Amino acid sequence: VAPCCDKLFWCRHCHNEVMDRGDPKKAHQLDRFSVSVVQCANCSLRQQVQKNCKGCGYLFGTYFCAICKFFDDDTSKGVFHCSGCGICRVGGRDNFFHCSLCGCCYAVQLQSNHKCIAGAMHQNCPVCLENLFHSTSQVRVLRCGHTLHKKCLEQLLVRPATVRTCPLCSKTIVDHQYTWQQLDQVVSETCMPEEYRNMTVDMLCNDCGVKDKVPFHVVALKCPNPLCGGYNTKRV
């Protein structure tokens, strides 16, 4: 029973979808933690949130979280409650760890293999602008530490572009070593006009952060950092 409108819904997502389709002035989201009453689908008895019906004993859900007021019969999803996130997650507790700095659960493969950014998951996806923390869609963590939906990342990767970069910080999101080698060859084979051959410009590398004066080239500006050497750069 939704306490905000006293209407019956199977879940908060059903509530939010219905309310968003109606009068915009009445649109609202259901706060899962505020739910205190459920109605049994078997005997229609309204009662406090609990795992079994107080009247007929009907099992509301094999999995039950008293904090999130969440029920689920599909145990194959591996639903678990994360005290750090404060909400229920899917995928199995043993497959995830909670990063207190990023503020979310990540796959154990990322435990010592991701760059922490404070509150990285407590923001909107930079592509579709949906809130990431409460999203039911899969999320990906980029090499820079920023996050976005898996489907949105796939959209970025199929778009025609020489360099694939994070929409927030402009760092490369995939290995571009082959691209840099190709650009090295193009730069070496492209003759510069006489008036530009000795020209230098101020450059900033988006990947390593180096700022320096480099020879100007019409094709691209190469980062002078020997540990980088990429072309994800811009004039400043």
# chains A, B, ... in the order shown; residues from 1 in each chain; ligands from 1

call {"tool": "residues_around", "arguments": {"residues": "region 38-51 of chain A", "least_positions_apart": "5", "cutoff": "12 Å", "atoms": "only C-alpha atoms", "output": "number ranges by chain"}}
result
A: 1-3, 6-11, 32-33, 56-73

call {"tool": "residues_around", "arguments": {"residues": "Gly229 (chain A)", "least_positions_apart": "6", "cutoff": "8 Å", "atoms": "only C-alpha atoms", "output": "list of chain:residue names"}}
result
A:Trp180, A:Lys222, A:Cys223

call {"tool": "select_by_dssp", "arguments": {"residues": "region 2-236 of chain A", "states": "strand (DSSP E or B)", "output": "PyMOL selection string"}}
result
chain A and resi 2+7+37-39+46-48+52+59+63-65+70-72+80-82+87-89+96-99+104-107+124+131+139-141+147-149+165+172+200-205+211-215+233-235

call {"tool": "atom_distance", "arguments": {"atom1": "CA of Lys151 (chain A)", "atom2": "CA of Asp31 (chain A)"}}
result
26.4 Å

call {"tool": "closest_residue", "arguments": {"among": "A:Pro160, A:Thr136, A:Pro126, A:Asp94", "to": "Leu148 (chain A)", "atoms": "only C-alpha atoms"}}
result
A:Pro126

call {"tool": "residues_around", "arguments": {"residues": "His176 (chain A)", "least_positions_apart": "4", "cutoff": "12 Å", "atoms": "only C-alpha atoms", "output": "VMD selection string"}}
result
chain A and resid 161 to 165 171 to 172 180 to 183 207 228 to 232

call {"tool": "closest_residue", "arguments": {"among": "A:Thr233, A:Ser36, A:Gln138, A:Ser170", "to": "Val201 (chain A)", "atoms": "only C-alpha atoms"}}
result
A:Thr233

call {"tool": "residues_around", "arguments": {"residues": "region 106-112 of chain A", "least_positions_apart": "6", "cutoff": "6 Å", "atoms": "only C-alpha atoms", "output": "compact mmCIF listing (two decimals) with N, CA and C atoms, in the first residue's frame"}}
result
# COMPACT_ATOMS: atom_id res chain seq x y z
N ASN A 95 29.67 -11.94 -4.63
CA ASN A 95 30.20 -11.43 -5.90
C ASN A 95 30.44 -9.92 -5.89
N PHE A 96 30.12 -9.27 -4.76
CA PHE A 96 30.25 -7.82 -4.69
C PHE A 96 30.93 -7.38 -3.40
N PHE A 97 31.51 -6.20 -3.44
CA PHE A 97 32.05 -5.55 -2.25
C PHE A 97 31.54 -4.11 -2.25

call {"tool": "residues_around", "arguments": {"residues": "Gln185 (chain A)", "least_positions_apart": "5", "cutoff": "12 Å", "atoms": "only C-alpha atoms", "output": "ChimeraX atom specification"}}
result
/A:178-180,190-191,219-220,222

call {"tool": "residues_around", "arguments": {"residues": "Met192 (chain A)", "least_positions_apart": "2", "cutoff": "8 Å", "atoms": "only C-alpha atoms", "output": "ChimeraX atom specification"}}
result
/A:190,194,196-197,217-218

call {"tool": "residues_around", "arguments": {"residues": "Gly92 (chain A)", "least_positions_apart": "3", "cutoff": "7 Å", "atoms": "only C-alpha atoms", "output": "JSON, numbers by chain"}}
result
{"A": [78, 79, 80, 95]}

call {"tool": "write_last_selection", "arguments": {"atoms": "N, CA and C atoms", "output": "CSV table (one decimal), in the first residue's frame"}}
result
chain,number,residue,atom,x,y,z
A,78,GLY,N,20.0,-13.8,-6.6
A,78,GLY,CA,20.9,-13.6,-5.6
A,78,GLY,C,20.7,-12.2,-4.9
A,79,VAL,N,19.5,-11.9,-4.5
A,79,VAL,CA,19.2,-10.6,-3.9
A,79,VAL,C,19.8,-10.6,-2.5
A,80,PHE,N,20.4,-9.5,-2.2
A,80,PHE,CA,21.0,-9.3,-0.8
A,80,PHE,C,20.9,-7.8,-0.4
A,95,ASN,N,29.7,-11.9,-4.6
A,95,ASN,CA,30.2,-11.4,-5.9
A,95,ASN,C,30.4,-9.9,-5.9
